[in-house]
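A.B. asks: Structure file structure_14.txt (compact mmCIF, C-alpha atoms) right here:
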```txt
# COMPACT_ATOMS: atom_id res chain seq x y z
CA MET A 1 7.90 -21.64 -12.02
CA SER A 2 7.40 -18.15 -13.40
CA ALA A 3 5.33 -15.40 -11.85
CA THR A 4 3.03 -15.56 -14.87
CA ARG A 5 2.37 -19.28 -14.54
CA SER A 6 1.93 -19.13 -10.78
CA ILE A 7 -0.93 -16.66 -11.13
CA ASN A 8 -3.18 -19.70 -11.42
CA THR A 9 -2.77 -20.04 -7.66
CA VAL A 10 -4.34 -16.65 -7.07
CA PHE A 11 -7.15 -17.29 -9.54
CA ALA A 12 -7.94 -20.68 -8.05
CA MET A 13 -10.09 -18.64 -5.67
CA TYR A 14 -11.02 -15.78 -8.00
CA PRO A 15 -11.36 -16.74 -11.70
CA PRO A 16 -10.98 -13.80 -14.13
CA GLU A 17 -14.58 -14.10 -15.31
CA GLN A 18 -15.76 -13.42 -11.75
CA LEU A 19 -13.89 -10.14 -11.43
CA ALA A 20 -15.44 -6.75 -12.10
CA PRO A 21 -14.42 -5.23 -15.44
CA GLN A 22 -11.90 -2.41 -15.32
CA GLN A 23 -14.32 0.04 -16.93
CA THR A 24 -18.04 -0.67 -16.81
CA TRP A 25 -19.90 2.60 -16.73
CA GLY A 26 -23.33 2.63 -15.20
CA PRO A 27 -25.13 3.96 -12.13
CA PRO A 28 -23.35 3.28 -8.84
CA PRO A 29 -24.89 0.59 -6.64
CA VAL A 30 -27.38 1.70 -4.04
CA GLU A 31 -25.94 -0.68 -1.46
CA LEU A 32 -22.16 -0.92 -1.29
CA PRO A 33 -20.67 -4.42 -1.06
CA PRO A 34 -19.12 -5.48 2.26
CA ARG A 35 -15.46 -4.95 3.00
CA GLY A 36 -13.25 -8.00 2.89
CA LEU A 37 -10.15 -9.67 1.47
CA SER A 38 -11.87 -10.76 -1.74
CA PRO A 39 -11.37 -8.60 -4.86
CA HIS A 40 -15.14 -8.49 -5.44
CA GLY A 41 -16.09 -6.12 -2.62
CA ARG A 42 -14.46 -3.13 -0.98
CA PRO A 43 -10.95 -3.52 0.48
CA ILE A 44 -10.57 -3.92 4.22
CA ARG A 45 -7.99 -2.55 6.62
CA HIS A 46 -5.53 -4.93 8.23
CA ASN A 47 -6.99 -6.02 11.55
CA TRP A 48 -4.01 -4.64 13.52
CA GLU A 49 -3.92 -1.20 11.91
CA ILE A 50 -6.46 0.64 14.09
CA PRO A 51 -5.29 -0.82 17.44
CA LEU A 52 -1.69 0.07 16.62
CA LEU A 53 -2.73 3.52 15.41
CA VAL A 54 -4.53 4.17 18.70
CA LEU A 55 -1.41 3.05 20.60
CA ALA A 56 0.76 5.32 18.44
CA ILE A 57 -1.49 8.32 19.07
CA VAL A 58 -1.48 7.65 22.82
CA ILE A 59 2.33 7.50 22.80
CA THR A 60 2.50 10.78 20.88
CA VAL A 61 0.04 12.53 23.21
CA VAL A 62 1.99 11.36 26.28
CA ALA A 63 5.25 12.48 24.67
CA TYR A 64 3.79 15.94 23.98
CA ALA A 65 2.50 16.19 27.54
CA VAL A 66 5.92 15.31 28.94
CA SER A 67 7.60 17.77 26.55
CA GLY A 68 5.18 20.50 27.65
CA VAL A 69 5.97 19.89 31.29
CA MET A 70 9.70 20.00 30.54
CA LEU A 71 9.25 23.25 28.62
CA ILE A 72 7.40 24.86 31.54
CA SER A 73 10.05 23.69 33.97
CA GLY A 74 12.84 24.96 31.72
CA GLN A 75 14.37 21.51 31.13
CA VAL A 76 13.93 20.98 27.40
CA SER A 77 15.92 18.10 25.90
CA ASP A 78 16.75 17.67 22.23
CA ILE A 79 14.00 15.04 21.85
CA ALA A 80 11.43 17.32 23.48
CA ALA A 81 12.50 20.18 21.22
CA VAL A 82 12.00 18.01 18.12
CA LEU A 83 8.54 17.01 19.29
CA LEU A 84 7.53 20.60 19.94
CA VAL A 85 8.53 21.73 16.45
CA ALA A 86 7.20 18.54 14.78
CA PRO A 87 3.91 20.10 13.57
CA ILE A 88 5.77 22.84 11.69
CA LEU A 89 8.56 20.52 10.57
CA LEU A 90 6.12 17.95 9.19
CA TYR A 91 4.11 20.62 7.38
CA VAL A 92 7.25 22.06 5.75
CA LEU A 93 8.61 18.65 4.71
CA ARG A 94 5.29 17.62 3.16
CA GLY A 95 5.05 20.91 1.28
CA GLN A 96 8.63 20.59 0.08
CA ASN A 97 8.03 17.02 -1.09
CA TYR A 98 4.94 18.03 -3.06
CA ALA A 99 6.71 21.01 -4.61
CA THR A 100 9.62 18.76 -5.66
CA GLN A 101 7.28 16.54 -7.66
CA ARG A 102 5.52 19.55 -9.20
CA VAL A 103 8.74 21.12 -10.51
CA ASN A 104 10.87 18.02 -11.23
CA GLY A 105 8.41 15.18 -11.88
CA ILE A 106 6.60 14.38 -15.11
CA ARG A 107 2.89 14.65 -14.43
CA MET A 108 0.73 11.83 -15.76
CA THR A 109 -1.84 13.22 -18.20
CA PRO A 110 -3.82 11.88 -21.17
CA THR A 111 -0.78 12.76 -23.33
CA GLN A 112 2.09 11.97 -20.90
CA PHE A 113 2.15 8.40 -19.61
CA PRO A 114 -1.53 7.96 -20.56
CA GLU A 115 -1.56 4.35 -19.35
CA GLY A 116 -0.50 5.46 -15.88
CA TYR A 117 -3.02 8.30 -15.92
CA ALA A 118 -5.80 5.84 -16.78
CA LEU A 119 -4.66 3.38 -14.10
CA VAL A 120 -4.74 6.08 -11.42
CA ALA A 121 -8.25 7.16 -12.47
CA ASP A 122 -9.45 3.55 -12.59
CA ALA A 123 -7.99 2.79 -9.15
CA ALA A 124 -9.58 5.89 -7.64
CA ALA A 125 -12.95 4.95 -9.13
CA ARG A 126 -12.66 1.33 -7.98
CA LEU A 127 -11.83 2.45 -4.42
CA GLY A 128 -14.74 4.90 -4.27
CA MET A 129 -12.75 8.13 -4.25
CA LYS A 130 -14.52 11.26 -5.47
CA THR A 131 -11.30 12.79 -6.78
CA ALA A 132 -8.30 11.07 -8.35
CA PRO A 133 -4.94 12.12 -6.89
CA ASP A 134 -2.26 13.83 -8.91
CA ALA A 135 0.30 11.39 -10.28
CA TYR A 136 3.95 11.92 -11.27
CA VAL A 137 6.76 9.92 -12.82
CA VAL A 138 10.27 10.57 -11.48
CA LEU A 139 13.68 9.28 -12.54
CA GLY A 140 14.30 5.92 -10.90
CA ASN A 141 17.94 5.26 -11.82
CA GLY A 142 17.34 1.53 -11.46
CA GLN A 143 15.22 1.72 -8.33
CA ILE A 144 11.82 0.04 -8.22
CA ASN A 145 9.65 2.19 -6.01
CA ALA A 146 6.49 4.26 -5.71
CA PHE A 147 4.94 6.25 -2.90
CA ALA A 148 1.91 8.32 -1.97
CA SER A 149 1.79 11.52 0.06
CA GLY A 150 -0.04 14.81 0.36
CA HIS A 151 0.07 18.44 1.34
CA GLY A 152 -2.90 20.46 2.49
CA PHE A 153 -5.94 19.09 0.69
CA ARG A 154 -3.89 17.72 -2.22
CA ARG A 155 -2.91 14.07 -2.54
CA PHE A 156 -0.47 12.62 -5.03
CA VAL A 157 1.19 9.41 -6.18
CA VAL A 158 4.79 9.16 -7.41
CA VAL A 159 5.97 6.22 -9.55
CA TYR A 160 9.64 5.69 -10.37
CA SER A 161 10.35 5.62 -14.09
CA ASP A 162 11.77 2.09 -14.12
CA LEU A 163 8.26 0.74 -13.68
CA PHE A 164 7.36 2.29 -17.04
CA GLU A 165 10.41 1.13 -18.97
CA VAL A 166 9.73 -0.27 -22.43
CA GLY A 167 11.53 -3.46 -23.42
CA GLY A 168 12.36 -5.00 -20.07
CA GLU A 169 10.48 -7.97 -18.67
CA ALA A 170 9.00 -5.67 -16.05
CA ARG A 171 6.64 -4.30 -18.67
CA GLN A 172 3.66 -5.95 -17.01
CA PRO A 173 0.51 -3.81 -17.03
CA ASP A 174 -1.13 -5.90 -14.33
CA ALA A 175 1.82 -5.47 -11.96
CA LEU A 176 1.89 -1.73 -12.62
CA ALA A 177 -1.87 -1.51 -12.02
CA PHE A 178 -1.44 -3.33 -8.69
CA ILE A 179 1.35 -0.97 -7.63
CA ILE A 180 -0.71 2.11 -8.52
CA GLY A 181 -3.73 0.59 -6.77
CA HIS A 182 -1.54 0.02 -3.71
CA GLU A 183 -0.42 3.66 -3.63
CA VAL A 184 -3.89 5.07 -4.32
CA GLY A 185 -5.03 2.71 -1.56
CA HIS A 186 -2.72 4.46 0.90
CA ILE A 187 -4.57 7.69 0.10
CA ALA A 188 -8.01 6.09 0.21
CA ALA A 189 -7.20 4.61 3.63
CA GLY A 190 -6.12 8.01 5.00
CA HIS A 191 -2.44 7.13 5.35
CA ALA A 192 -1.36 10.38 3.66
CA SER A 193 -3.21 12.60 6.12
CA TYR A 194 -1.17 15.29 7.89
CA TRP A 195 -3.01 14.74 11.19
CA ARG A 196 -2.53 10.99 11.04
CA GLN A 197 1.19 11.34 10.38
CA LEU A 198 1.51 13.88 13.19
CA GLY A 199 -0.34 11.53 15.53
CA MET A 200 2.09 8.74 14.64
CA PHE A 201 5.17 10.96 14.97
CA ALA A 202 6.48 9.86 18.39
CA SER A 203 5.77 6.17 17.79
CA ASN A 204 8.23 6.15 14.90
CA TYR A 205 11.00 6.40 17.50
CA ILE A 206 9.66 3.51 19.61
CA PRO A 207 11.07 0.13 18.48
CA VAL A 208 8.49 -2.35 17.18
CA VAL A 209 5.47 -0.02 17.61
CA GLY A 210 6.19 2.30 14.67
CA SER A 211 7.46 -0.45 12.39
CA SER A 212 4.51 -2.74 13.17
CA LEU A 213 2.01 0.03 12.44
CA SER A 214 3.81 0.71 9.16
CA ARG A 215 3.63 -2.98 8.17
CA SER A 216 -0.09 -3.11 8.96
CA MET A 217 -0.62 -0.07 6.72
CA GLU A 218 1.31 -1.78 3.92
CA TYR A 219 -0.91 -4.84 4.22
CA THR A 220 -3.93 -2.53 4.04
CA ALA A 221 -2.55 -0.92 0.89
CA ASP A 222 -1.92 -4.39 -0.56
CA ASN A 223 -5.58 -5.20 0.06
CA HIS A 224 -6.48 -2.14 -1.99
CA GLY A 225 -4.04 -3.08 -4.76
CA PHE A 226 -5.44 -6.61 -4.84
CA CYS A 227 -8.95 -5.19 -5.10
CA VAL A 228 -7.90 -3.06 -8.09
CA ARG A 229 -5.91 -5.71 -10.00
CA PRO A 230 -5.53 -9.09 -8.24
CA GLN A 231 -3.79 -10.69 -11.22
CA GLY A 232 -0.90 -8.25 -10.74
CA ALA A 233 0.13 -9.64 -7.35
CA PRO A 234 2.61 -12.30 -8.60
CA GLY A 235 4.31 -9.81 -10.92
CA VAL A 236 4.71 -7.25 -8.14
CA MET A 237 6.34 -9.81 -5.85
CA GLY A 238 8.64 -10.81 -8.70
CA VAL A 239 9.66 -7.22 -9.44
CA LEU A 240 10.30 -6.45 -5.76
CA GLY A 241 12.27 -9.65 -5.32
CA ALA A 242 14.36 -9.93 -8.48
CA GLY A 243 14.05 -6.62 -10.29
CA LYS A 244 12.54 -5.44 -13.51
CA TYR A 245 14.40 -7.76 -15.88
CA LEU A 246 14.27 -11.05 -13.94
CA VAL A 247 10.69 -10.84 -12.74
CA GLY A 248 9.67 -13.69 -15.07
CA ARG A 249 12.00 -16.10 -13.29
CA VAL A 250 10.37 -15.68 -9.88
CA GLY A 251 7.99 -18.41 -8.75
CA PHE A 252 5.19 -16.77 -6.79
CA ASP A 253 4.17 -20.03 -5.10
CA GLU A 254 7.75 -20.91 -4.19
CA LEU A 255 8.21 -17.46 -2.66
CA ALA A 256 5.00 -17.76 -0.64
CA ASP A 257 5.82 -21.33 0.45
CA ARG A 258 9.11 -20.20 1.98
CA SER A 259 7.20 -18.01 4.45
CA MET A 260 6.37 -21.24 6.30
CA THR A 261 9.82 -22.82 6.14
CA GLU A 262 12.15 -19.86 6.73
CA ARG A 263 12.13 -19.65 10.50
CA GLY A 264 14.29 -18.65 13.47
CA PHE A 265 14.88 -15.72 15.79
CA PHE A 266 16.65 -13.54 13.26
CA VAL A 267 13.95 -14.08 10.64
CA TRP A 268 11.46 -12.86 13.24
CA LEU A 269 13.74 -9.93 14.15
CA VAL A 270 14.15 -8.79 10.54
CA ASN A 271 10.38 -8.69 10.09
CA ILE A 272 9.54 -7.08 13.43
CA LEU A 273 11.89 -4.14 12.75
CA ALA A 274 10.93 -3.70 9.08
CA SER A 275 8.65 -0.94 7.82
CA HIS A 276 7.25 -3.31 5.15
CA PRO A 277 6.29 -6.98 5.54
CA VAL A 278 9.14 -9.26 4.50
CA LEU A 279 8.60 -10.43 0.94
CA THR A 280 7.89 -14.10 1.69
CA TRP A 281 5.19 -13.21 4.25
CA ARG A 282 3.76 -10.61 1.92
CA ALA A 283 3.49 -13.11 -0.93
CA ALA A 284 1.78 -15.58 1.41
CA ALA A 285 -0.78 -12.92 2.39
CA LEU A 286 -1.53 -12.16 -1.25
CA ARG A 287 -1.99 -15.85 -2.03
CA ASP A 288 -4.11 -16.78 0.99
CA ARG A 289 -7.02 -14.34 0.92
CA SER A 290 -8.93 -16.08 3.71
CA ARG A 291 -7.11 -14.15 6.47
CA HIS A 292 -5.07 -11.03 7.12
CA GLY A 293 -1.32 -10.99 6.53
CA LYS A 294 0.83 -12.03 9.45
CA LEU A 295 2.32 -9.12 11.37
CA PHE A 296 4.33 -10.68 14.21
CA PHE A 297 4.72 -14.41 13.57
CA ARG A 298 5.33 -16.37 10.39
CA PRO A 299 2.41 -17.73 8.37
CA THR A 300 1.22 -21.28 8.80
CA ALA A 301 -0.27 -23.52 6.12
CA ASP A 302 -2.75 -21.81 3.78
CA ARG A 303 -6.39 -22.24 4.65
CA LEU A 304 -8.81 -23.70 2.16
CA PRO A 305 -9.88 -21.15 -0.49
CA THR A 306 -13.27 -19.51 -0.08
CA PRO A 307 -15.71 -21.07 -2.59
CA THR A 308 -16.24 -18.73 -5.51
CA ALA A 309 -20.00 -19.11 -5.25
CA ALA A 310 -19.93 -17.69 -1.72
CA LEU A 311 -18.24 -14.47 -2.80
CA PRO A 312 -20.23 -11.27 -3.42
CA PRO A 313 -21.03 -10.37 -7.04
CA PRO A 314 -18.70 -8.07 -8.98
CA THR A 315 -19.06 -4.39 -8.13
CA GLN A 316 -20.20 -1.93 -10.77
CA TYR A 317 -18.14 1.21 -11.07
CA PRO A 318 -19.28 4.86 -11.11
CA THR A 319 -20.70 6.43 -14.24
CA ALA A 320 -17.54 8.40 -14.99
CA PRO A 321 -13.94 8.58 -13.79
CA PRO A 322 -13.37 10.86 -10.81
CA LYS A 323 -12.33 14.39 -11.53
CA THR A 324 -8.69 15.27 -11.07
CA LEU A 325 -7.68 18.26 -9.01
```
Take the structure in the file and give it back as structure tokens.
C.D. replies:
Amino acid sequence: MSATRSINTVFAMYPPEQLAPQQTWGPPPVELPPRGLSPHGRPIRHNWEIPLLVLAIVITVVAYAVSGVMLISGQVSDIAAVLLVAPILLYVLRGQNYATQRVNGIRMTPTQFPEGYALVADAAARLGMKTAPDAYVVLGNGQINAFASGHGFRRFVVVYSDLFEVGGEARQPDALAFIIGHEVGHIAAGHASYWRQLGMFASNYIPVVGSSLSRSMEYTADNHGFCVRPQGAPGVMGVLGAGKYLVGRVGFDELADRSMTERGFFVWLVNILASHPVLTWRAAALRDRSRHGKLFFRPTADRLPTPTAALPPPTQYPTAPPKTL
């Protein structure tokens, strides 16, 4: 079963005619639709993200308090020293990362990678952002990847060039739109904030806590990507699983089904230590939109799809694309 054919599974709940058009200019709605897992409304955060973020911030605050006491007492360890310089270190690394894209990346514009430029603007409009982030293409050398970050008040998205390659089977506009929606979603959800990343700093060195928070944020970004282009979900799973040329041979349903049959301690361990949800669990979360993706324990059987009639009506988009910085 190919990723293209298995898309019928996703649209069993959300037929294409029910989805909002990619560009329908008109006045914005007075009342915003509710947040949820459906592509018709506004995307929702994963239900574990905020509790884990609070825990991460508490850990960081306690770590800074302990480091301050050690500094006053003259007993500064290497870990305490890293924590104390973390605000400056993080600021420098973010600035360096942004500068690297500005001088080495190819910026998406109406004349350079215009399809990517349009997808970024559309995603920003769909997610209610007032300003579209900068977007760059960088040399992938065979890697399939993209990321979002920021520096100061600027936010940007970076897409590896392999996702734009002409000729390969990975040339799937819907998959690319989902990926860009996912990365813009990280920005819309505040994941690229300096203060958020500083607040999470110490938790990244605590097993399970940092990785679990990261997975919840990835599920949140997937919710945003699904809201932008739900029909791209099977293609994205295929690209991440088999690469840009063999994506058409990946069965989305088969991949999602294995989330319920691949079990055991080491399967659990691989997921619990990973920064991203394992691919089978991630596919299951994108197929079953009646509940949040599983963070700690493997998915069980899919719930019954939500009746299409019970879903909110398609959302109308703003009157014009957001301005770029």
A.B. asks: Kindly give the distance, in Å, that separates CA of Gly105 (chain A) and CA of Tyr117 (chain A), rounded to a single decimal.
C.D. replies: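 CA of Tyr117 (chain A) lies at a distance of 13.9 Å from CA of Gly105 (chain A).
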A.B. asks: To one decimal place in Å, what is the distance between CA of His151 (chain A) and CA of Arg94 (chain A)?
C.D. replies: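 According to the coordinates, CA of His151 (chain A) and CA of Arg94 (chain A) are separated by 5.6 Å.
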A.B. asks: Taking into account all atoms listed in the file, which residue in the set A:Gly232, A:Glu218, A:Gln112, A:Val62 is nearest to His292 (chain A)?
C.D. replies: A:Glu218
A.B. asks: What's around Gly68 (chain A) at 10 Å? Count all atoms listed in the file, leave out sequence neighbours fewer than 4 positions away in its own chain, and write the answer as a list in words.
C.D. replies: Val62, Ala63, Tyr64, Ile72, Ser73, Gly74, Gln75, Val76, Ala80, Ala81, Leu83 and Leu84 of chain A
A.B. asks: Would you mind telling me which residue in A:Met70, A:Gln172, A:Ser212, A:Val159 lies nearest to Leu139 (chain A) when using all atoms listed in the file?
C.D. replies: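 Among the listed residues, A:Val159 lies closest to Leu139 (chain A).
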A.B. asks: Please identify all polymer residues within 9 Å of Ala285 (chain A), counting all atoms listed in the file, omitting same-chain residues fewer than 6 positions from it, and present them as a list in words.
C.D. replies: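 After dropping sequence-adjacent residues, the list is Tyr219, Ala256, Arg291, His292, Gly293, Lys294 and Pro299 of chain A.
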A.B. asks: Write out as a PyMOL selection string each polymer residue whose atoms come within 10 Å of Asp257 (chain A), counting all atoms listed in the file; drop sequence neighbours fewer than 2 positions from it.
C.D. replies: chain A and resi 251-255+259-262+280-281+283-284+287+299-302
A.B. asks: Which residues come within 10 Å of region 201-209 of chain A, counting only C-alpha atoms, excluding same-chain residues fewer than 6 positions away, as a ChimeraX atom specification?
C.D. replies: /A:52-53,55-64,79,82-83,86-87,90,195,269,271-275,296
A.B. asks: Counting all atoms listed in the file, which of A:Glu115, A:Asp78, A:Asp122, A:Asp288 gets nearest to Val228 (chain A)?
C.D. replies: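 Closest to Val228 (chain A) of all the choices is A:Asp122.
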A.B. asks: Given only C-alpha atoms as the basis, pick out the residue of A:Arg263, A:Arg215, A:Arg282, A:Lys130 nearest to Gly241 (chain A).
C.D. replies: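 Going through A:Arg263, A:Arg215, A:Arg282, A:Lys130 one by one, the smallest distance to Gly241 (chain A) is for A:Arg282.
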A.B. asks: Check the smallest atom-to-atom distance from each of A:Asp162, A:Pro133, A:Arg229, A:Gly235 to Ile187 (chain A) using all atoms listed in the file, then report the winner.
C.D. replies: A:Pro133
A.B. asks: Could you work out how far CA of Ser161 (chain A) lies from CA of Tyr136 (chain A), giving the answer in Å with one decimal?
C.D. replies: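 About the pair CA of Tyr136 (chain A) and CA of Ser161 (chain A): they are 9.4 Å apart.
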A.B. asks: Smallest atom-to-atom distance to Phe147 (chain A): which of A:Gly185, A:Gly264, A:Pro114, A:Gly128, using all atoms listed in the file?
C.D. replies: A:Gly185
A.B. asks: Do you know which residues are at most 12 Å from region 95-98 of chain A counting all atoms listed in the file, after dropping those on the same chain fewer than 4 positions away, and could you put them as a ChimeraX atom specification?
C.D. replies: /A:88-91,102-105,134-136,147-158,192,194
